[in-house]
$ cat upload_1.txt   # compact mmCIF, C-alpha atoms and all ligand atoms
# COMPACT_ATOMS: atom_id res chain seq x y z
CA MET A 1220 -43.65 -59.49 158.03
CA THR A 1221 -44.85 -61.56 160.99
CA LEU A 1222 -45.51 -59.52 164.08
CA PRO A 1223 -44.71 -60.82 167.54
CA PRO A 1224 -47.84 -61.61 169.54
CA ILE A 1225 -48.71 -58.84 171.96
CA ASN A 1226 -51.29 -58.43 174.62
CA THR A 1227 -52.24 -54.85 173.85
CA SER A 1228 -54.24 -54.36 177.02
CA GLN A 1229 -51.16 -55.05 179.16
CA LEU A 1230 -48.33 -53.69 177.05
CA VAL A 1231 -49.76 -50.68 175.33
CA SER A 1232 -51.08 -47.80 177.29
CA ARG A 1233 -50.73 -45.36 174.40
CA ALA A 1234 -50.13 -45.52 170.66
CA TYR A 1235 -48.90 -42.45 168.77
CA ARG A 1236 -49.58 -42.53 165.05
CA GLY A 1237 -47.81 -40.15 162.67
CA ALA A 1238 -44.63 -39.54 160.72
CA ILE A 1239 -41.65 -40.83 162.71
CA LEU A 1240 -37.90 -40.31 162.29
CA HIS A 1241 -35.12 -41.76 164.43
CA ALA A 1242 -31.48 -42.79 164.15
CA LEU A 1243 -30.08 -46.30 164.61
CA ALA A 1244 -26.49 -45.15 164.01
CA LYS A 1245 -24.62 -42.12 162.70
CA ASP A 1246 -25.31 -43.16 159.12
CA GLU A 1247 -28.57 -45.06 159.56
CA LEU A 1248 -31.98 -43.45 159.92
CA VAL A 1249 -35.45 -44.93 160.05
CA TYR A 1250 -38.26 -42.86 158.53
CA LEU A 1251 -41.89 -43.95 158.72
CA ALA A 1252 -44.22 -41.68 156.77
CA ASP A 1253 -47.18 -43.29 158.58
CA GLY A 1254 -45.81 -45.00 161.65
CA VAL A 1255 -46.84 -45.86 165.15
CA LEU A 1256 -44.94 -45.62 168.44
CA LEU A 1257 -46.26 -47.87 171.21
CA VAL A 1258 -45.58 -46.88 174.80
CA ASP A 1259 -46.52 -48.98 177.83
CA ALA A 1260 -47.83 -47.81 181.17
CA GLN A 1261 -44.28 -47.57 182.56
CA GLY A 1262 -43.23 -45.20 179.76
CA MET A 1263 -41.19 -47.83 177.91
CA ILE A 1264 -41.28 -48.29 174.14
CA THR A 1265 -42.82 -51.63 173.20
CA ALA A 1266 -42.67 -51.18 169.42
CA CYS A 1267 -42.18 -48.72 166.61
CA GLY A 1268 -43.21 -49.60 163.06
CA PRO A 1269 -45.42 -48.91 160.04
CA TRP A 1270 -49.05 -48.23 160.95
CA LEU A 1271 -50.34 -50.66 158.34
CA GLU A 1272 -48.49 -53.53 160.02
CA TRP A 1273 -49.81 -52.69 163.48
CA GLN A 1274 -53.28 -51.49 162.63
CA GLU A 1275 -54.95 -54.85 163.14
CA ALA A 1276 -53.15 -55.66 166.39
CA LEU A 1277 -54.19 -52.29 167.79
CA ALA A 1278 -57.89 -52.64 167.09
CA GLY A 1279 -59.73 -51.26 170.09
CA VAL A 1280 -56.68 -49.40 171.42
CA ALA A 1281 -57.01 -45.63 171.67
CA VAL A 1282 -54.61 -44.12 169.16
CA ILE A 1283 -53.32 -40.58 169.46
CA ARG A 1284 -53.05 -39.40 165.90
CA CYS A 1285 -50.62 -36.60 165.07
CA LEU A 1286 -51.52 -33.92 162.57
CA ALA A 1287 -50.46 -34.19 158.93
CA ASN A 1288 -47.71 -31.58 159.40
CA GLN A 1289 -46.24 -33.18 162.53
CA LEU A 1290 -43.19 -35.37 162.99
CA ILE A 1291 -42.23 -37.52 165.98
CA VAL A 1292 -38.49 -37.64 166.79
CA PRO A 1293 -36.49 -38.77 169.83
CA GLY A 1294 -35.94 -36.08 172.47
CA PHE A 1295 -32.86 -33.96 171.94
CA VAL A 1296 -29.74 -34.37 174.07
CA ASP A 1297 -27.73 -31.30 175.12
CA THR A 1298 -24.33 -32.56 176.26
CA HIS A 1299 -23.05 -29.21 177.61
CA VAL A 1300 -25.00 -26.25 179.01
CA HIS A 1301 -24.83 -23.82 181.96
CA LEU A 1302 -28.00 -23.18 183.99
CA PRO A 1303 -26.75 -19.97 185.69
CA GLN A 1304 -25.83 -18.33 182.37
CA MET A 1305 -29.40 -18.34 181.05
CA ALA A 1306 -29.98 -14.64 181.78
CA VAL A 1307 -26.76 -13.44 180.15
CA ALA A 1308 -26.83 -15.48 176.94
CA GLY A 1309 -25.95 -13.28 173.99
CA CYS A 1310 -23.67 -10.84 175.89
CA GLN A 1311 -20.59 -10.33 173.77
CA ALA A 1312 -16.93 -10.05 174.86
CA PRO A 1313 -13.62 -10.24 172.95
CA SER A 1314 -12.43 -13.61 174.29
CA LEU A 1315 -13.34 -16.48 176.58
CA LEU A 1316 -11.36 -15.21 179.56
CA GLU A 1317 -12.66 -11.63 179.15
CA TRP A 1318 -16.23 -12.91 178.70
CA LEU A 1319 -15.96 -14.83 181.99
CA ASP A 1320 -14.67 -11.72 183.79
CA THR A 1321 -17.09 -9.26 182.20
CA HIS A 1322 -20.40 -11.13 182.21
CA ILE A 1323 -20.34 -14.60 183.69
CA PHE A 1324 -18.76 -14.48 187.13
CA ALA A 1325 -20.91 -11.51 188.21
CA GLU A 1326 -24.07 -13.30 187.06
CA GLU A 1327 -23.13 -16.56 188.78
CA ALA A 1328 -22.46 -14.65 192.03
CA ARG A 1329 -26.16 -13.66 192.09
CA PHE A 1330 -27.05 -17.29 192.84
CA ALA A 1331 -26.11 -16.71 196.48
CA ASP A 1332 -29.69 -15.37 196.62
CA ALA A 1333 -32.04 -18.36 196.89
CA ASP A 1334 -34.97 -16.52 195.30
CA TYR A 1335 -32.88 -15.61 192.28
CA ALA A 1336 -31.57 -19.18 192.04
CA ARG A 1337 -35.14 -20.52 192.13
CA THR A 1338 -36.37 -18.10 189.45
CA ILE A 1339 -33.58 -18.92 187.00
CA SER A 1340 -33.70 -22.67 187.74
CA GLU A 1341 -37.42 -22.80 186.92
CA TRP A 1342 -36.95 -20.73 183.78
CA PHE A 1343 -33.97 -22.72 182.50
CA LEU A 1344 -35.37 -26.17 183.23
CA SER A 1345 -38.78 -25.28 181.73
CA GLU A 1346 -37.10 -23.89 178.65
CA LEU A 1347 -35.12 -27.11 178.17
CA LEU A 1348 -38.45 -28.94 177.87
CA ALA A 1349 -39.92 -26.26 175.59
CA ASN A 1350 -36.91 -26.78 173.32
CA GLY A 1351 -37.49 -30.53 173.14
CA THR A 1352 -34.40 -31.33 175.22
CA THR A 1353 -35.07 -34.50 177.19
CA LEU A 1354 -31.53 -35.03 178.53
CA ALA A 1355 -29.08 -32.26 179.42
CA ASN A 1356 -25.60 -32.24 180.97
CA VAL A 1357 -25.66 -29.13 183.13
CA PHE A 1358 -23.17 -26.88 184.94
CA LEU A 1359 -24.62 -25.22 188.07
CA THR A 1360 -22.94 -22.54 190.21
CA SER A 1361 -20.51 -22.98 193.05
CA HIS A 1362 -23.23 -22.40 195.66
CA PRO A 1363 -24.46 -25.60 197.33
CA GLY A 1364 -27.77 -23.89 198.18
CA ALA A 1365 -28.45 -22.88 194.57
CA SER A 1366 -27.42 -26.36 193.44
CA GLN A 1367 -29.91 -27.90 195.84
CA ILE A 1368 -32.65 -25.65 194.44
CA ALA A 1369 -31.78 -26.65 190.85
CA PHE A 1370 -32.04 -30.36 191.70
CA GLU A 1371 -35.35 -29.89 193.52
CA THR A 1372 -36.73 -27.97 190.54
CA ALA A 1373 -35.60 -30.62 188.04
CA ALA A 1374 -37.27 -33.32 190.15
CA ARG A 1375 -40.52 -31.33 190.27
CA LEU A 1376 -40.60 -30.54 186.54
CA GLY A 1377 -39.57 -34.07 185.49
CA ASN A 1378 -36.36 -33.13 183.66
CA ARG A 1379 -33.83 -35.78 182.79
CA VAL A 1380 -30.44 -34.27 183.65
CA VAL A 1381 -26.84 -34.87 184.60
CA MET A 1382 -25.93 -31.93 186.89
CA GLY A 1383 -23.37 -30.89 189.45
CA GLN A 1384 -22.15 -28.03 191.59
CA THR A 1385 -19.47 -26.05 189.72
CA LEU A 1386 -16.20 -26.21 191.62
CA MET A 1387 -13.63 -23.38 191.71
CA ASP A 1388 -10.96 -22.64 194.30
CA LYS A 1389 -8.79 -20.09 192.44
CA GLN A 1390 -8.71 -17.42 189.74
CA ALA A 1391 -12.31 -16.25 190.05
CA PRO A 1392 -14.05 -13.62 192.23
CA ASP A 1393 -13.87 -14.42 195.95
CA SER A 1394 -17.66 -14.77 196.18
CA LEU A 1395 -17.49 -17.85 193.92
CA LEU A 1396 -14.48 -19.50 195.55
CA ARG A 1397 -14.22 -21.96 198.43
CA PRO A 1398 -11.36 -23.99 199.83
CA ALA A 1399 -10.90 -27.30 198.01
CA ALA A 1400 -11.67 -29.39 201.10
CA GLN A 1401 -15.00 -27.63 201.60
CA LEU A 1402 -15.96 -27.99 197.92
CA LEU A 1403 -15.17 -31.68 197.95
CA GLN A 1404 -17.35 -32.16 201.00
CA GLU A 1405 -20.24 -30.13 199.55
CA THR A 1406 -20.23 -31.85 196.16
CA GLU A 1407 -20.04 -35.33 197.68
CA SER A 1408 -23.00 -34.51 199.90
CA LEU A 1409 -25.07 -33.31 196.91
CA CYS A 1410 -24.04 -36.42 194.97
CA ARG A 1411 -25.21 -38.74 197.75
CA GLN A 1412 -28.55 -36.99 197.86
CA TRP A 1413 -29.25 -36.66 194.11
CA HIS A 1414 -27.39 -39.27 192.03
CA GLY A 1415 -30.10 -41.60 190.67
CA ALA A 1416 -32.94 -39.50 192.10
CA ASN A 1417 -36.43 -39.25 190.61
CA ASP A 1418 -36.34 -42.86 189.48
CA GLY A 1419 -33.02 -42.41 187.65
CA ARG A 1420 -33.93 -39.25 185.74
CA ILE A 1421 -31.37 -37.27 187.74
CA GLN A 1422 -27.66 -38.13 187.69
CA TYR A 1423 -24.77 -36.36 189.36
CA ALA A 1424 -21.51 -35.01 187.91
CA TRP A 1425 -18.31 -33.71 189.48
CA VAL A 1426 -17.88 -30.33 187.77
CA PRO A 1427 -14.53 -28.56 188.07
CA ARG A 1428 -14.99 -25.48 185.84
CA PHE A 1429 -11.67 -25.93 184.04
CA ALA A 1430 -7.99 -26.33 184.81
CA LEU A 1431 -7.34 -22.62 185.39
CA THR A 1432 -9.82 -22.34 188.29
CA SER A 1433 -8.78 -25.65 189.88
CA SER A 1434 -5.94 -26.19 192.36
CA GLU A 1435 -4.01 -29.44 192.30
CA GLU A 1436 -5.58 -30.24 195.68
CA LEU A 1437 -9.08 -29.89 194.20
CA MET A 1438 -8.30 -32.01 191.15
CA SER A 1439 -6.62 -34.78 193.11
CA GLY A 1440 -9.60 -34.83 195.50
CA LEU A 1441 -11.93 -35.21 192.54
CA GLY A 1442 -9.77 -38.01 191.19
CA GLU A 1443 -10.30 -39.78 194.52
CA LEU A 1444 -14.08 -39.21 194.34
CA ARG A 1445 -14.10 -40.66 190.80
CA ARG A 1446 -12.50 -43.82 192.14
CA GLN A 1447 -15.01 -44.02 195.01
CA TYR A 1448 -18.06 -43.35 192.78
CA PRO A 1449 -17.31 -44.82 189.34
CA GLU A 1450 -20.95 -44.44 188.23
CA VAL A 1451 -20.85 -40.63 188.72
CA TYR A 1452 -19.94 -38.35 185.80
CA LEU A 1453 -17.14 -35.80 185.53
CA HIS A 1454 -17.95 -32.75 183.40
CA THR A 1455 -15.51 -29.97 182.55
CA HIS A 1456 -14.08 -27.84 179.72
CA LEU A 1457 -11.01 -28.70 177.64
CA SER A 1458 -8.99 -26.87 175.00
CA GLU A 1459 -11.49 -24.18 174.01
CA GLN A 1460 -9.29 -21.20 173.07
CA LEU A 1461 -5.61 -20.65 172.28
CA GLY A 1462 -5.24 -18.00 175.02
CA GLU A 1463 -6.70 -20.42 177.56
CA ILE A 1464 -4.33 -23.18 176.41
CA ALA A 1465 -1.32 -20.83 176.77
CA ALA A 1466 -2.44 -19.96 180.32
CA VAL A 1467 -2.78 -23.67 181.18
CA LYS A 1468 0.72 -24.31 179.84
CA ALA A 1469 2.10 -21.51 182.04
CA GLN A 1470 0.22 -22.71 185.13
CA PHE A 1471 1.03 -26.41 184.72
CA PRO A 1472 4.54 -26.40 183.19
CA TRP A 1473 4.97 -30.13 183.92
CA ALA A 1474 2.15 -31.06 181.52
CA SER A 1475 2.97 -31.74 177.87
CA ASP A 1476 -0.53 -30.64 176.84
CA TYR A 1477 -3.89 -29.57 178.34
CA THR A 1478 -5.25 -33.13 178.38
CA GLU A 1479 -2.36 -34.30 180.56
CA VAL A 1480 -3.42 -31.90 183.34
CA TYR A 1481 -6.69 -33.76 183.85
CA GLU A 1482 -5.08 -37.12 183.10
CA ARG A 1483 -2.52 -36.66 185.87
CA PHE A 1484 -5.25 -36.33 188.50
CA GLY A 1485 -7.34 -39.26 187.30
CA LEU A 1486 -10.16 -37.12 185.95
CA LEU A 1487 -10.39 -38.75 182.51
CA GLY A 1488 -12.17 -41.99 181.68
CA THR A 1489 -15.59 -43.51 181.17
CA ARG A 1490 -18.31 -40.97 182.05
CA THR A 1491 -15.97 -37.99 181.65
CA VAL A 1492 -17.57 -35.37 179.38
CA LEU A 1493 -15.30 -32.67 177.99
CA ALA A 1494 -16.79 -29.56 176.41
CA HIS A 1495 -15.19 -28.17 173.26
CA GLY A 1496 -11.86 -29.94 172.65
CA ILE A 1497 -11.33 -27.65 169.66
CA HIS A 1498 -7.55 -27.46 169.59
CA LEU A 1499 -6.68 -31.04 170.54
CA CYS A 1500 -3.71 -32.56 168.76
CA ASP A 1501 -3.77 -36.09 167.33
CA GLY A 1502 -2.02 -37.48 170.40
CA GLU A 1503 -4.66 -36.03 172.73
CA LEU A 1504 -7.48 -37.45 170.60
CA THR A 1505 -5.80 -40.87 170.67
CA ARG A 1506 -5.52 -40.79 174.46
CA LEU A 1507 -9.10 -39.57 174.96
CA LYS A 1508 -10.39 -42.38 172.75
CA ALA A 1509 -8.34 -44.96 174.66
CA LEU A 1510 -9.68 -43.56 177.95
CA ASP A 1511 -13.32 -43.72 176.69
CA ALA A 1512 -13.89 -40.01 177.43
CA SER A 1513 -16.69 -38.13 175.65
CA LEU A 1514 -16.57 -34.81 173.80
CA ALA A 1515 -19.34 -32.19 173.65
CA HIS A 1516 -19.19 -30.15 170.43
CA CYS A 1517 -20.75 -26.69 170.87
CA PRO A 1518 -20.62 -24.94 167.48
CA SER A 1519 -22.96 -22.02 168.33
CA SER A 1520 -20.74 -21.13 171.28
CA ASN A 1521 -17.59 -21.58 169.20
CA PHE A 1522 -18.91 -19.08 166.63
CA PHE A 1523 -19.90 -16.63 169.38
CA LEU A 1524 -16.55 -16.61 171.19
CA LYS A 1525 -14.56 -17.15 167.98
CA SER A 1526 -12.90 -20.13 169.61
CA GLY A 1527 -11.90 -22.01 166.46
CA ARG A 1528 -13.16 -24.88 164.37
CA PHE A 1529 -13.77 -28.27 165.97
CA ARG A 1530 -12.30 -31.21 164.00
CA LEU A 1531 -15.69 -32.84 163.63
CA MET A 1532 -14.96 -35.23 160.78
CA GLU A 1533 -11.69 -36.37 162.38
CA VAL A 1534 -13.39 -37.02 165.73
CA LEU A 1535 -16.15 -38.96 163.96
CA ARG A 1536 -13.57 -40.96 162.01
CA ARG A 1537 -11.84 -41.88 165.25
CA GLN A 1538 -15.21 -42.92 166.76
CA LEU A 1539 -14.92 -41.01 170.01
CA ARG A 1540 -18.10 -40.63 172.04
CA LEU A 1541 -19.52 -37.33 170.79
CA GLY A 1542 -22.62 -35.23 171.27
CA LEU A 1543 -23.76 -31.67 170.61
CA GLY A 1544 -24.06 -28.94 173.23
CA SER A 1545 -25.83 -25.58 173.24
CA ASP A 1546 -23.34 -24.16 175.78
CA VAL A 1547 -25.79 -21.47 176.84
CA GLY A 1548 -24.77 -18.71 177.69
CA ALA A 1549 -21.86 -18.62 175.20
CA GLY A 1550 -24.35 -20.31 172.92
CA PRO A 1551 -27.32 -18.00 172.34
CA THR A 1552 -30.11 -20.60 172.39
CA LEU A 1553 -31.04 -23.90 174.01
CA SER A 1554 -32.39 -25.23 170.71
CA LEU A 1555 -30.54 -28.31 169.45
CA LEU A 1556 -32.20 -27.60 166.10
CA THR A 1557 -30.08 -24.46 165.83
CA VAL A 1558 -27.01 -26.28 167.13
CA MET A 1559 -27.34 -28.94 164.39
CA LYS A 1560 -27.39 -26.22 161.74
CA ASP A 1561 -24.40 -24.44 163.29
CA ALA A 1562 -22.47 -27.73 163.38
CA GLN A 1563 -23.00 -27.93 159.62
CA TYR A 1564 -21.98 -24.33 158.98
CA MET A 1565 -18.92 -24.63 161.22
CA GLN A 1566 -17.41 -27.16 158.79
CA ALA A 1567 -16.81 -24.55 156.11
CA ASP A 1568 -15.33 -26.90 153.49
CA THR A 1569 -17.06 -30.22 154.31
CA LEU A 1570 -20.70 -31.20 153.99
CA VAL A 1571 -21.64 -33.10 157.14
CA PRO A 1572 -24.25 -35.78 156.36
CA LEU A 1573 -27.68 -34.75 157.67
CA ALA A 1574 -28.13 -38.17 159.25
CA THR A 1575 -24.94 -37.62 161.26
CA LEU A 1576 -26.15 -34.26 162.59
CA PHE A 1577 -29.48 -35.77 163.62
CA TYR A 1578 -27.72 -38.74 165.22
CA LEU A 1579 -25.43 -36.41 167.22
CA ALA A 1580 -28.43 -34.42 168.51
CA THR A 1581 -30.22 -37.58 169.68
CA LEU A 1582 -28.64 -41.05 169.98
CA GLY A 1583 -25.03 -39.77 169.75
CA GLY A 1584 -25.63 -37.42 172.67
CA ALA A 1585 -27.22 -40.23 174.67
CA GLU A 1586 -24.21 -42.47 173.95
CA ALA A 1587 -21.82 -39.66 174.93
CA LEU A 1588 -23.65 -39.56 178.28
CA HIS A 1589 -23.63 -43.38 178.57
CA GLN A 1590 -27.40 -43.56 178.30
CA GLY A 1591 -27.60 -44.84 174.73
CA HIS A 1592 -28.68 -48.26 176.00
CA ARG A 1593 -31.91 -46.77 177.34
CA LEU A 1594 -32.48 -43.55 175.35
CA GLY A 1595 -31.85 -41.82 172.04
CA ASN A 1596 -34.10 -43.68 169.57
CA PHE A 1597 -37.24 -45.81 169.38
CA GLU A 1598 -35.86 -49.31 169.80
CA PRO A 1599 -38.21 -51.50 171.88
CA GLY A 1600 -37.22 -51.61 175.54
CA LYS A 1601 -35.95 -48.04 175.62
CA GLU A 1602 -37.59 -45.25 177.57
CA ALA A 1603 -40.07 -43.16 175.59
CA ASP A 1604 -38.37 -39.76 175.40
CA PHE A 1605 -39.74 -38.04 172.33
CA VAL A 1606 -40.80 -34.78 170.76
CA VAL A 1607 -43.70 -33.93 168.48
CA LEU A 1608 -42.61 -31.26 165.96
CA ASP A 1609 -44.87 -29.02 163.87
CA PHE A 1610 -43.61 -28.28 160.39
CA PRO A 1611 -44.98 -24.85 159.47
CA ALA A 1612 -47.47 -24.88 156.63
CA THR A 1613 -46.54 -23.18 153.38
CA PRO A 1614 -48.88 -21.92 150.65
CA VAL A 1615 -46.97 -23.99 148.06
CA SER A 1616 -46.95 -27.49 149.42
CA HIS A 1617 -45.87 -29.05 146.11
CA ASP A 1618 -42.32 -27.65 146.35
CA LYS A 1619 -41.71 -28.31 150.03
CA PRO A 1620 -41.39 -31.81 151.44
CA SER A 1621 -44.55 -32.94 153.13
CA VAL A 1622 -44.26 -34.90 156.34
CA GLN A 1623 -46.57 -37.60 155.03
CA SER A 1624 -45.08 -37.99 151.55
CA PRO A 1625 -43.14 -41.25 151.41
CA GLY A 1626 -39.57 -41.15 150.17
CA THR A 1627 -38.87 -37.62 151.34
CA SER A 1628 -36.98 -38.27 154.55
CA GLU A 1629 -33.77 -36.62 153.28
CA ALA A 1630 -35.63 -33.48 152.17
CA LEU A 1631 -37.59 -33.47 155.42
CA LEU A 1632 -34.46 -33.78 157.51
CA SER A 1633 -32.78 -31.05 155.48
CA ARG A 1634 -35.63 -28.71 156.26
CA LEU A 1635 -35.49 -29.69 159.92
CA VAL A 1636 -31.75 -29.01 160.17
CA TYR A 1637 -31.65 -25.74 158.24
CA GLN A 1638 -35.02 -24.22 159.19
CA GLY A 1639 -35.92 -25.99 162.43
CA HIS A 1640 -36.84 -23.63 165.24
CA GLN A 1641 -37.83 -23.85 168.87
CA GLN A 1642 -41.33 -22.75 167.88
CA TRP A 1643 -41.73 -26.03 165.99
CA ILE A 1644 -41.72 -27.99 169.29
CA SER A 1645 -45.33 -28.92 169.98
CA GLU A 1646 -44.95 -31.49 172.78
CA THR A 1647 -42.13 -33.05 174.78
CA TYR A 1648 -42.30 -36.43 176.56
CA ILE A 1649 -39.91 -37.98 179.07
CA ARG A 1650 -40.41 -41.67 179.88
CA GLY A 1651 -43.83 -41.50 178.27
CA GLN A 1652 -44.95 -38.60 180.43
CA ARG A 1653 -45.81 -35.29 178.75
CA VAL A 1654 -43.65 -32.59 180.30
CA TYR A 1655 -44.34 -29.79 177.81
CA GLN A 1656 -47.25 -28.95 175.53
CA ARG A 1657 -47.59 -25.99 173.24
CA ALA A 1658 -50.68 -27.04 171.32
CA PRO A 1659 -53.18 -29.90 171.54
CA ILE A 1660 -52.99 -32.87 169.18
CA VAL A 1661 -56.04 -34.53 167.65
CA GLN A 1662 -57.39 -37.82 169.02
CA ASN A 1663 -59.18 -40.31 166.80
ZN ZN B 1701 -19.28 -24.18 178.86

$ encode --input "upload_1.txt" --output "structure tokens"
Amino acid sequence: MTLPPINTSQLVSRAYRGAILHALAKDELVYLADGVLLVDAQGMITACGPWLEWQEALAGVAVIRCLANQLIVPGFVDTHVHLPQMAVAGCQAPSLLEWLDTHIFAEEARFADADYARTISEWFLSELLANGTTLANVFLTSHPGASQIAFETAARLGNRVVMGQTLMDKQAPDSLLRPAAQLLQETESLCRQWHGANDGRIQYAWVPRFALTSSEELMSGLGELRRQYPEVYLHTHLSEQLGEIAAVKAQFPWASDYTEVYERFGLLGTRTVLAHGIHLCDGELTRLKALDASLAHCPSSNFFLKSGRFRLMEVLRRQLRLGLGSDVGAGPTLSLLTVMKDAQYMQADTLVPLATLFYLATLGGAEALHQGHRLGNFEPGKEADFVVLDFPATPVSHDKPSVQSPGTSEALLSRLVYQGHQQWISETYIRGQRVYQRAPIVQN
């Protein structure tokens, strides 16, 4: 292979040598048992390839060499998660609507207190990085002050996020409600301040909680904002539980299905991200595909609330934009490693290809959030968002795949999906900048 000429002193500020795994598509992985990832001073990837092919060109360049049990993968993408539910993750209730009433609304009301909002924002956003999540699509609370604090904290910690104030003007406790006109004004003001902030790491989303807490005035106002700001996201829930769907049918009798409620107000299209979508019929999937909307599959949450089984293979076959979401706090953990495993277990009678699960947790999530052109794998020209994972040592290395044994990528990935744990995350990088470190790596 002939390598392109490079001026290493200008292009390469750092070279990371080690085992590397990334996805080019949902059925195409690249595994380098001894690879190198080159990152320039701006945090952009300049190359990713076998060490032996780059060794000569990198003579004289300081190489950061990973340990023998480490693996470099793209940063994980969480396409649906709630910042203000961090402290109540794992609190059980019989159904979605009862869970909201029993645990969630009371917790979200606490964010009227700026100190509490600051404490949870710092905890949540730090934990995203400790879990190797380098892009997250985040619900906030309905308080503009707490939302402001969350954005400031994300900017300070260097998180890459899509976030927005959660909007509700009915069917929730009074302390979380505001008139539609006021909400529309508040969310537009936050959007103007934060969309594209921190050199593009921060993006804004319009976030109506779901149809049942949204008046027609609120939804039509958001439809107008979508037309005014086509580059801004819209993030909401869709078709999570049968009881919820029955309530939507009663509240919006003119709609033939749940999807039509959002459709009517112009909320669906490119950059719309819909969490769950478990009980969608074929007609709804066809319309969502035609509208270029994205789905966020949250299997850990779906198990927890017993919401039903997402039609994963059908959605993949139809090639909708799709990513995975932790959905903390209905999901118990921020770890996309756990979510990949749960996505496998959720499909009780189908074996989901490991490559597909890994793709969904990385490049697929980035594509669902319309950032696949600049994130999600190690193609040159993309931003260097990556994670260094530690595979735990075992006393019987001969029967477990070793990171540096060639030809074991499938076994390695299998272990990552079924046994991967937050504690395996050693370091997290966003645009080439280290934003989390659990243990030092060895320099040579
Ligand atoms: Zn949710």

$ closest_atom_pairs --input "upload_1.txt" --of "chain A" --to "ligand ZN 1701 (chain B)" --cutoff "7 Å" --atoms "all atoms listed in the file" --output "JSON lines"
{"residue": "A:His1299", "atom": "CA", "partner": "B:ZN1701", "partner_atom": "ZN", "distance": 6.4}
{"residue": "A:Val1300", "atom": "CA", "partner": "B:ZN1701", "partner_atom": "ZN", "distance": 6.1}
{"residue": "A:His1301", "atom": "CA", "partner": "B:ZN1701", "partner_atom": "ZN", "distance": 6.4}
{"residue": "A:His1456", "atom": "CA", "partner": "B:ZN1701", "partner_atom": "ZN", "distance": 6.4}
{"residue": "A:Ala1494", "atom": "CA", "partner": "B:ZN1701", "partner_atom": "ZN", "distance": 6.4}
{"residue": "A:Asp1546", "atom": "CA", "partner": "B:ZN1701", "partner_atom": "ZN", "distance": 5.1}

$ write_last_selection --input "upload_1.txt" --atoms "C-alpha atoms" --output "CSV table (one decimal), in the coordinates of the input"
chain,number,residue,atom,x,y,z
A,1299,HIS,CA,-23.0,-29.2,177.6
A,1300,VAL,CA,-25.0,-26.2,179.0
A,1301,HIS,CA,-24.8,-23.8,182.0
A,1456,HIS,CA,-14.1,-27.8,179.7
A,1494,ALA,CA,-16.8,-29.6,176.4
A,1546,ASP,CA,-23.3,-24.2,175.8

$ closest_residue --input "upload_1.txt" --among "A:Phe1597, A:Phe1529, A:Trp1425, A:Phe1605" --to "Pro1449 (chain A)" --atoms "only C-alpha atoms"
A:Trp1425

$ residues_around --input "upload_1.txt" --residues "Glu1459 (chain A)" --least-positions-apart "3" --cutoff "10 Å" --atoms "only C-alpha atoms" --output "number ranges by chain"
A: 1315, 1456, 1462-1464, 1494-1499, 1521, 1524-1529

$ residues_around --input "upload_1.txt" --residues "region 1237-1247 of chain A" --least-positions-apart "6" --cutoff "7 Å" --atoms "only C-alpha atoms" --output "PyMOL selection string"
chain A and resi 1253-1255+1284-1285+1289-1293+1574-1575+1578+1582+1596-1597+1622-1623

$ write_last_selection --input "upload_1.txt" --atoms "C-alpha atoms" --output "CSV table (one decimal), in the coordinates of the input"
chain,number,residue,atom,x,y,z
A,1253,ASP,CA,-47.2,-43.3,158.6
A,1254,GLY,CA,-45.8,-45.0,161.6
A,1255,VAL,CA,-46.8,-45.9,165.2
A,1284,ARG,CA,-53.0,-39.4,165.9
A,1285,CYS,CA,-50.6,-36.6,165.1
A,1289,GLN,CA,-46.2,-33.2,162.5
A,1290,LEU,CA,-43.2,-35.4,163.0
A,1291,ILE,CA,-42.2,-37.5,166.0
A,1292,VAL,CA,-38.5,-37.6,166.8
A,1293,PRO,CA,-36.5,-38.8,169.8
A,1574,ALA,CA,-28.1,-38.2,159.2
A,1575,THR,CA,-24.9,-37.6,161.3
A,1578,TYR,CA,-27.7,-38.7,165.2
A,1582,LEU,CA,-28.6,-41.0,170.0
A,1596,ASN,CA,-34.1,-43.7,169.6
A,1597,PHE,CA,-37.2,-45.8,169.4
A,1622,VAL,CA,-44.3,-34.9,156.3
A,1623,GLN,CA,-46.6,-37.6,155.0

$ closest_atom_pairs --input "upload_1.txt" --of "region 1345-1366 of chain A" --to "region 1552-1572 of chain A" --cutoff "10 Å" --atoms "only C-alpha atoms" --output "CSV"
residue,atom,partner,partner_atom,distance
A:Glu1346,CA,A:Leu1553,CA,7.6
A:Leu1347,CA,A:Leu1553,CA,6.7
A:Leu1348,CA,A:Leu1553,CA,9.8
A:Ala1349,CA,A:Ser1554,CA,9.0
A:Asn1350,CA,A:Ser1554,CA,5.4
A:Gly1351,CA,A:Ser1554,CA,7.7
A:Thr1352,CA,A:Leu1555,CA,7.6

$ write_last_selection --input "upload_1.txt" --atoms "C-alpha atoms" --output "PDB file, in the coordinates of the input"
ATOM      1  CA  GLU A1346     -37.100 -23.890 178.650  1.00  0.00           C
ATOM      2  CA  LEU A1347     -35.120 -27.110 178.170  1.00  0.00           C
ATOM      3  CA  LEU A1348     -38.450 -28.940 177.870  1.00  0.00           C
ATOM      4  CA  ALA A1349     -39.920 -26.260 175.590  1.00  0.00           C
ATOM      5  CA  ASN A1350     -36.910 -26.780 173.320  1.00  0.00           C
ATOM      6  CA  GLY A1351     -37.490 -30.530 173.140  1.00  0.00           C
ATOM      7  CA  THR A1352     -34.400 -31.330 175.220  1.00  0.00           C
TER       8      THR A1352
END

$ residues_around --input "upload_1.txt" --residues "Val1296 (chain A)" --least-positions-apart "4" --cutoff "10 Å" --atoms "all atoms listed in the file" --output "ChimeraX atom specification"
/A:1347,1351-1356,1379-1380,1542-1545,1555,1579-1588,1594-1595
